[in-house]
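Written out below as structure tokens is the structure these notes cover.
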Amino acid sequence: MKPFLILLLASALAAVAGAKEIKLLNVSYDPTRELYQEYNAAFAKYWKAKTGDDVTISQSHGGSGKQAQSVINGLEADVVTLALAYDIDAIARQAKLLPVDWQKRLPDNSTPYTSTIVFLVRKGNPKHIKDWDDVVKPGVTVVVPNPKTSGGARWAYLAAYAYALETYGHDDARAKDFVTRLYKNVPILDSGARGSTITFAQRGIGDVLLAWENEAHLALKEFGADQFEIVTPPLSILAEPPVAVVDKTAKRHGTTDVARAYLEYLYSDEGQEIAARNFYRPRNPAVAEKYAANFARLKLVTVEQEFGGWQKAQQTHFADGGIFDQIYQP
Amino acid sequence: MKLNQLILTAAVGAQFVFPALAADGTATNSTEAAEIEALRQQVQALDQKVQSLEQQREAEPPAVADTNQEQIHELDQKVRILARQHELDQEDAAAAAKTRPLVKLDASGFTLSSADTNFVISLHGLIQLDSRTFFNDHNLVNSGFLLRRARPIITGTVFHDFDFNFTPDFGGSTVQILDAYLNYRYNPELQLEAGKFKSPVGLEALQSDAYGFFNERSLVTDLVPNRDLGVELHGDLFGGAASYAAGLFGGVSDYNGTTVNTDSDNDKAFAGRIFLQPWKTTDVGALKGLGLGVGGSYESDRNGAAGLTPGYTTDGQQKFFTYSAGVIANGQHWRISPQGYYYYGPLGILGEYVISDQEVSRTTAPLGSADLRNKAWEVSASWVLTGEDATYTGVTPRHPFNLHTGGWGAWQVVGRYEELNVDNNAFSAALPFAASTTSASSAHAWSAGLNWYLNRNVRLNASFSHTLFSGYAGATPAVPAQAENVVFTRIQLAF
């Protein structure tokens with residue numbers, strides 16, 4: 001009788017307490033919409049099963065640099081999942097919403113998946129674009145977003161620059177000339193990767209789109225493989241989009257635990273599977289092996305190897321007065 | 001052109017050469033045969049050349065077409081790029097508009113606002129230039145012009161929820177800060193205001209100075225508090241169908257036109273008001289503008305002379321009652337004011353009754369105290385001749401005055417009856433608190449006027465007030481010695 005009463009009391013207390021309804025805001029970059037739509041549903045289900053609480057995750061997307069600035073300006077993100085570490089560094093340094101060593105808190109430098117930059121060309125590849133040299137030829141129109149606002153654009157710029165360094169014996173002057181020729185072929189700069197996909201795929205502009213690998217696959221899926229094809233250059237850059245809990249905001253919202261779990265679950269088998277299904281290269285070797293056919297093999301250089309890390313790359317290439325400002329004439 | 005000539009030449013040559021050969025088929029000498037052979041070879045050569053040129057010509061159109069196609073493609077790309085750039089420019093402009101501060105200048109004043117409206121600052125103003133002309137006043141008061149009010153009004157919001165108001169007044173003879181307060185707005189239902197502002201008691205006193213029917217408020221306002229220092233909880237409930245205000249204030253005497261910025265004693269006053277407009281949010285048009293409420297205050301006031309009114313004044317702002325020297329506030333002081341208004345179309349009616357009950361003492365012989373209960377009431381009515389709606393917050397002309405387009409603004413006739421009765425015990429022979437030789441025991445007045453709203457900002461008033469007094473026993477000419485007859489005019493700018 002006594003256990004029954006205890007059970008009854010516990011049930012009553014649980015009913016009174018009720019399941020919590022938790023809200024999270026994930027501020028992300030442009031092409032992750034589809035990834036996080038699928039992932040959010042999976043995480044909510046996982047969290048409900050684990051804790052009994054309902055969690056609703058809202059998404060905000062835009063150029064990675066712009067998104068970081070929005071968080072600095074007060075957009076109340078519980079977590080950020082941006083295109084590159086520099087943008088989260090900016091949040092840590094300028095707004096002090098998370099510690100500067102945030103990248104050490106999760107495995108693989110807080111980068112649960114990776115990607116790279118590939119070429120999306122029109123069906124039949126009429127301009128015969130196979131490698132970076134083809135992209136800088138006169139008469140080739142290139143579509144790519146603005147590196148000042150887009151993380152993907154910074155990865156694309158650095159991929160081209162790294163190719164030139166590798167090709168011309170790390171001659172900076174020739175590399176600079178190479179990206180100068182590249183951006184002479186760029187007639188328009190969107191603020192984010194999704195905008196550039198629209199420019200290329202929907203507005204019919206250009207011969208080649210320098211795209212996130214996942215975004216290129218999405219374009220094929222969205223607009224049909226009869227319209228475009230993906231060309232993977234022999235060399236590109238290892239893009240590492242990181243994730244982080246925005247500590248102060250999450251603490252204020254009382255969402256620290258769930259925000260942390262939300263990011264940790266990206267490393268789970270299910271999280272990695274979802275990333276791979278959305279054409280992000282998973283970190284988990286088993287999952288990577290399973291989806292190997294989705295990802296072309298190519299030489300991937302890193303920002304650390306070629307540019308000495310993001311802080312230096314940002315300062316040299318993308319800060320006001322940097323190389324991009326010098327070479328790009330709108 | 002060259003190609004056509006060659007084809008023609010070959011054709012003509014063939015027509016002449018082959019018939020000649022046929023006609024002279026019998027020629028047998030070797031010279032002729034050689035000539036014929038030479039001609040044949042020449043024709044064959046020409047034929048080959050024609051064929052070659054024809055092939056060349058056939059090959060040319062695709063090349064030209066390719067060139068054209070490329071040009072068309074290039075032009076198409078240029079057009080697409082321009083269109084996309086325009087699209088991006090529009091997106092950028094839309095995004096920039098979301099963060100661009102908003103500037104507004106209209107009949108409501110000048111407003112500068114952040115794009116998200118979390119920060120707002122507005123500049124308003126009120127200027128009233130009056131004239132008062134007294135008749136049969138034995139030259140006791142001056143007829144003349146008066147800058148009645150001259151107020152720059154700064155209002156705004158910071159961090160979305162904190163409203164502020166700063167209103168100095170340079171009108172009359174005294175420069176003073178009328179309003180200086182901060183209001184935290186949790187939501188419309190729950191707000192906390194602190195600073196210097198109107199005490200929530202009298203309906204007429206709470207109405208904006210720009211919107212009254214007449215130049216001056218009625219005798220009922222003599223008995224309610226003016227602006228005070230304090231903290232007030234207030235809000236609008238049920239979409240404005242009910243409102244409440246309750247606060248703790250420093251406590252002030254019955255209406256004093258000159259306000260202060262300090263609390264004169266340790267005693268505090270409680271003031272509050274409930275006002276109901278039950279049909280405000282309904283479709284019952286005839287009752288939407290009906291509002292009924294009650295305001296009141298309570299204070300245990302041992303404040304001496306500062307707690308007493310500096311004098312009750314007429315419409316013409318002449319004092320007709322003051323307490324005698326040596327009389328002080330000494331005990332509880334409470335007020336109650338049932339009040340209401342009714343606005344329906346061009347009709348506006350406002351009424352209010354006030355009791356101000358105050359314990360007073362004499363500090364000179366004969367010593368003693370009394371509880372004096374002074375009362376006042378008024379009813380005023382208006383009718384907008386041009387058909388616009390009359391409201392508690394003024395009249396908005398349907399056709400603003402404009403000689404070029406023929407607009408004449410809005411015209412409103414107004415009338416009022418009012419009374420104020422001082423407690424008879426104030427004039428007790430055994431224990432007097434006021435002298436019947438200088439003060440009247442009551443005043444009652446009627447007024448009539450015409451208001452012309454040229455537009456939302458400019459208004460002209462003209463009115464006449466007639467006030468009669470009772471209880472004056474003085475022998476010398478004084479304000480209450482005869483009726484007060486005064487004509488008012490006003491030019492008002494409010495924005």
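Please note that chains go A, B, ... in the order of the structure tokens, that every chain numbers its residues from 1, and that ligands are numbered from 1 in the order shown.
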
What parts of segment 152-234 of chain B does DSSP call helix (DSSP H, G or I)? I'd like the answer as a CSV table (one decimal) with N, CA, C and O atoms, in the first residue's frame.
```
chain,number,residue,atom,x,y,z
B,203,LEU,N,-11.1,65.1,-12.8
B,203,LEU,CA,-11.3,64.8,-14.3
B,203,LEU,C,-10.9,66.0,-15.1
B,203,LEU,O,-10.1,65.9,-16.1
B,204,GLU,N,-11.3,67.2,-14.7
B,204,GLU,CA,-11.0,68.4,-15.5
B,204,GLU,C,-9.5,68.7,-15.4
B,204,GLU,O,-8.9,69.1,-16.3
B,205,ALA,N,-9.0,68.5,-14.2
B,205,ALA,CA,-7.6,68.8,-14.0
B,205,ALA,C,-6.7,67.9,-14.7
B,205,ALA,O,-5.6,68.3,-15.2
B,206,LEU,N,-7.1,66.6,-14.9
B,206,LEU,CA,-6.3,65.7,-15.7
B,206,LEU,C,-6.4,65.9,-17.2
B,206,LEU,O,-5.5,65.4,-17.9
B,219,LEU,N,-14.6,76.0,-11.4
B,219,LEU,CA,-14.4,76.1,-9.9
B,219,LEU,C,-14.1,74.8,-9.3
B,219,LEU,O,-13.5,74.7,-8.2
B,220,VAL,N,-14.5,73.7,-9.9
B,220,VAL,CA,-14.3,72.4,-9.2
B,220,VAL,C,-12.8,72.1,-9.1
B,220,VAL,O,-12.3,71.4,-8.1
B,221,THR,N,-12.0,72.6,-10.1
B,221,THR,CA,-10.6,72.3,-10.0
B,221,THR,C,-9.9,73.1,-8.9
B,221,THR,O,-8.8,72.7,-8.5
B,222,ASP,N,-10.6,74.1,-8.3
B,222,ASP,CA,-10.0,74.7,-7.1
B,222,ASP,C,-9.9,73.8,-6.0
B,222,ASP,O,-9.0,74.0,-5.1
B,223,LEU,N,-10.6,72.7,-6.0
B,223,LEU,CA,-10.6,71.8,-4.8
B,223,LEU,C,-9.8,70.5,-5.0
B,223,LEU,O,-9.8,69.7,-4.1
```

Near Asn183 of chain B, within 7 Å and counting only C-alpha atoms, which residues show up once chain neighbours fewer than 2 positions away are dropped, as an mmCIF file with N, CA, C and O atoms, in the first residue's frame?
```cif
data_model
loop_
_atom_site.group_PDB
_atom_site.id
_atom_site.type_symbol
_atom_site.label_atom_id
_atom_site.label_comp_id
_atom_site.auth_asym_id
_atom_site.auth_seq_id
_atom_site.Cartn_x
_atom_site.Cartn_y
_atom_site.Cartn_z
ATOM 1 N N PHE B 162 10.572 52.212 -21.075
ATOM 2 C CA PHE B 162 10.680 53.335 -20.146
ATOM 3 C C PHE B 162 10.327 54.646 -20.867
ATOM 4 O O PHE B 162 11.061 55.103 -21.736
ATOM 5 N N ASP B 163 9.203 55.208 -20.486
ATOM 6 C CA ASP B 163 8.754 56.453 -21.084
ATOM 7 C C ASP B 163 9.170 57.614 -20.170
ATOM 8 O O ASP B 163 9.274 57.454 -18.949
ATOM 9 N N PHE B 164 9.367 58.762 -20.770
ATOM 10 C CA PHE B 164 9.677 59.927 -19.955
ATOM 11 C C PHE B 164 8.969 61.165 -20.499
ATOM 12 O O PHE B 164 8.547 61.195 -21.664
ATOM 13 N N TYR B 181 8.915 63.148 -15.302
ATOM 14 C CA TYR B 181 8.678 61.820 -14.744
ATOM 15 C C TYR B 181 9.175 60.719 -15.667
ATOM 16 O O TYR B 181 9.388 60.926 -16.860
ATOM 17 N N ARG B 185 6.687 50.896 -18.296
ATOM 18 C CA ARG B 185 5.496 50.281 -18.897
ATOM 19 C C ARG B 185 5.748 48.787 -19.072
ATOM 20 O O ARG B 185 6.321 48.336 -20.045
ATOM 21 N N GLN B 191 1.738 49.749 -15.092
ATOM 22 C CA GLN B 191 2.788 50.741 -15.320
ATOM 23 C C GLN B 191 3.116 51.438 -14.006
ATOM 24 O O GLN B 191 2.244 51.618 -13.158
ATOM 25 N N LEU B 192 4.356 51.798 -13.878
ATOM 26 C CA LEU B 192 4.805 52.469 -12.657
ATOM 27 C C LEU B 192 5.442 53.791 -13.039
ATOM 28 O O LEU B 192 6.395 53.826 -13.818
ATOM 29 N N GLU B 193 4.895 54.857 -12.467
ATOM 30 C CA GLU B 193 5.356 56.195 -12.829
ATOM 31 C C GLU B 193 5.926 56.872 -11.590
ATOM 32 O O GLU B 193 5.389 56.745 -10.492
ATOM 33 N N ALA B 194 7.022 57.579 -11.785
ATOM 34 C CA ALA B 194 7.648 58.275 -10.648
ATOM 35 C C ALA B 194 8.167 59.616 -11.111
ATOM 36 O O ALA B 194 8.676 59.750 -12.213
#
```

Find the residues in chain B near chain A: any atom within 12 Å counts, using only C-alpha atoms. Write them as a compact mmCIF listing (two decimals) with N, CA and C atoms, in the first residue's frame.
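This is the output file selection.txt:
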```txt
# COMPACT_ATOMS: atom_id res chain seq x y z
N GLU B 70 26.51 34.51 -79.62
CA GLU B 70 27.36 34.92 -78.51
C GLU B 70 27.02 36.33 -78.04
N HIS B 73 23.87 36.19 -76.16
CA HIS B 73 24.13 35.61 -74.83
C HIS B 73 24.77 36.64 -73.90
N GLU B 74 25.74 37.36 -74.46
CA GLU B 74 26.41 38.38 -73.64
C GLU B 74 25.44 39.46 -73.20
N LEU B 75 24.63 39.89 -74.16
CA LEU B 75 23.64 40.92 -73.81
C LEU B 75 22.65 40.39 -72.78
N ASP B 76 22.23 39.15 -72.97
CA ASP B 76 21.29 38.53 -72.04
C ASP B 76 21.90 38.48 -70.64
N GLN B 77 23.17 38.12 -70.56
CA GLN B 77 23.84 38.07 -69.26
C GLN B 77 23.91 39.44 -68.62
N LYS B 78 24.21 40.45 -69.48
CA LYS B 78 24.30 41.80 -68.94
C LYS B 78 22.96 42.25 -68.37
N VAL B 79 21.91 41.93 -69.10
CA VAL B 79 20.58 42.31 -68.64
C VAL B 79 20.25 41.59 -67.34
N ARG B 80 20.58 40.31 -67.30
CA ARG B 80 20.30 39.53 -66.09
C ARG B 80 21.09 40.06 -64.90
N ILE B 81 22.35 40.40 -65.17
CA ILE B 81 23.19 40.93 -64.07
C ILE B 81 22.63 42.25 -63.55
N LEU B 82 22.22 43.11 -64.49
CA LEU B 82 21.64 44.39 -64.07
C LEU B 82 20.37 44.17 -63.26
N ALA B 83 19.54 43.24 -63.73
CA ALA B 83 18.28 42.96 -63.03
C ALA B 83 18.57 42.41 -61.63
N ARG B 84 19.55 41.51 -61.54
CA ARG B 84 19.89 40.92 -60.24
C ARG B 84 20.49 41.98 -59.31
N GLN B 85 21.34 42.84 -59.89
CA GLN B 85 21.94 43.89 -59.08
C GLN B 85 20.86 44.81 -58.52
N HIS B 86 19.88 45.10 -59.36
CA HIS B 86 18.75 45.92 -58.91
C HIS B 86 18.00 45.21 -57.77
N GLU B 87 17.84 43.91 -57.95
CA GLU B 87 17.15 43.12 -56.92
C GLU B 87 17.94 43.17 -55.60
N LEU B 88 19.27 43.01 -55.71
CA LEU B 88 20.10 43.05 -54.49
C LEU B 88 20.10 44.43 -53.87
N ASP B 89 20.12 45.45 -54.72
CA ASP B 89 20.06 46.82 -54.19
C ASP B 89 18.77 47.03 -53.40
N GLU B 91 17.03 44.70 -51.95
CA GLU B 91 17.14 43.93 -50.69
C GLU B 91 17.98 44.69 -49.68
N ASP B 92 19.09 45.26 -50.16
CA ASP B 92 19.95 46.04 -49.26
C ASP B 92 19.20 47.24 -48.70
N ALA B 95 16.82 46.09 -46.13
CA ALA B 95 17.54 45.74 -44.90
C ALA B 95 18.01 46.99 -44.17
N THR B 99 17.05 49.25 -40.09
CA THR B 99 17.91 49.76 -39.03
C THR B 99 18.04 51.28 -39.07
```

Mind checking which residues fall within 10 Å of segment 147-154 of chain B, counting only C-alpha atoms, ignoring those fewer than 3 positions away in the same chain, and posting them as a ChimeraX atom specification? /B:109-111,121-131,164-173,175-180,209-210,215-216,490-495

Between atom CA of Glu299 of chain B and atom CA of Glu359 of chain B, measure the distance and give it in Å to one decimal. 10.5 Å

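Of the residues listed (A:Gly74, A:Pro107, A:Gly152, A:Gly224), A:Gly74 shows the shortest atom-to-atom separation from Gln94 of chain A; distances use only C-alpha atoms.
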
Distance query Val260 of chain B at most 10 Å, only C-alpha atoms, self and fewer than 4 positions along chain excluded, as a PyMOL selection string: chain B and resi 176-178+196+227-229+252+256+264

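Using only C-alpha atoms, the residues found no farther than 7 Å from Ala445 of chain B, other than those of its own chain fewer than 3 positions away, are Tyr417, Glu418, Glu419, Ser465, His466, Thr467 and Leu468 of chain B.
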
Take the selection from the previous step and output its residues with N, CA and C atoms, as a PDB file, in the first residue's frame.
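So selection.pdb came out as:
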```
ATOM      1  N   TYR B 417     -21.865  75.626 -16.457  1.00  0.00           N
ATOM      2  CA  TYR B 417     -22.351  76.170 -15.188  1.00  0.00           C
ATOM      3  C   TYR B 417     -21.523  75.542 -14.071  1.00  0.00           C
ATOM      4  N   GLU B 418     -21.183  76.360 -13.083  1.00  0.00           N
ATOM      5  CA  GLU B 418     -20.277  75.869 -12.034  1.00  0.00           C
ATOM      6  C   GLU B 418     -20.576  76.567 -10.712  1.00  0.00           C
ATOM      7  N   GLU B 419     -20.280  75.845  -9.618  1.00  0.00           N
ATOM      8  CA  GLU B 419     -20.460  76.432  -8.284  1.00  0.00           C
ATOM      9  C   GLU B 419     -19.356  75.959  -7.358  1.00  0.00           C
ATOM     10  N   SER B 465     -17.640  84.899 -19.382  1.00  0.00           N
ATOM     11  CA  SER B 465     -17.985  84.280 -18.100  1.00  0.00           C
ATOM     12  C   SER B 465     -18.602  85.318 -17.173  1.00  0.00           C
ATOM     13  N   HIS B 466     -19.631  84.869 -16.499  1.00  0.00           N
ATOM     14  CA  HIS B 466     -20.318  85.732 -15.530  1.00  0.00           C
ATOM     15  C   HIS B 466     -20.340  84.994 -14.202  1.00  0.00           C
ATOM     16  N   THR B 467     -19.723  85.610 -13.167  1.00  0.00           N
ATOM     17  CA  THR B 467     -19.620  84.944 -11.865  1.00  0.00           C
ATOM     18  C   THR B 467     -20.268  85.816 -10.787  1.00  0.00           C
ATOM     19  N   LEU B 468     -21.086  85.172  -9.969  1.00  0.00           N
ATOM     20  CA  LEU B 468     -21.722  85.863  -8.844  1.00  0.00           C
ATOM     21  C   LEU B 468     -21.203  85.282  -7.542  1.00  0.00           C
TER      22      LEU B 468
END
```

With DSSP run on the backbone, what are the strand (DSSP E or B) residues within segment 65-183 of chain A? I'd like them as a PyMOL selection string. chain A and resi 79-81+113-115+117-122+142-143

Surrounding residues of Asp54 of chain A excluding itself and chain neighbours under 2 positions, 10 Å, only C-alpha atoms, as an MDAnalysis selection string: chainID A and resid 19:23 44:49 51:52 56:57

Shell around Tyr183 of chain A at 9 Å using only C-alpha atoms, local window under 6 positions removed, as number ranges by chain: A: 136, 142, 327-329

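We find atom CA of Asp207 of chain A and atom CA of Arg122 of chain A to be spaced 6.6 Å apart.
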
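For the atom pair formed by atom CA of His399 of chain B and atom CA of Asn455 of chain B, the distance is 7.8 Å, given to one decimal.
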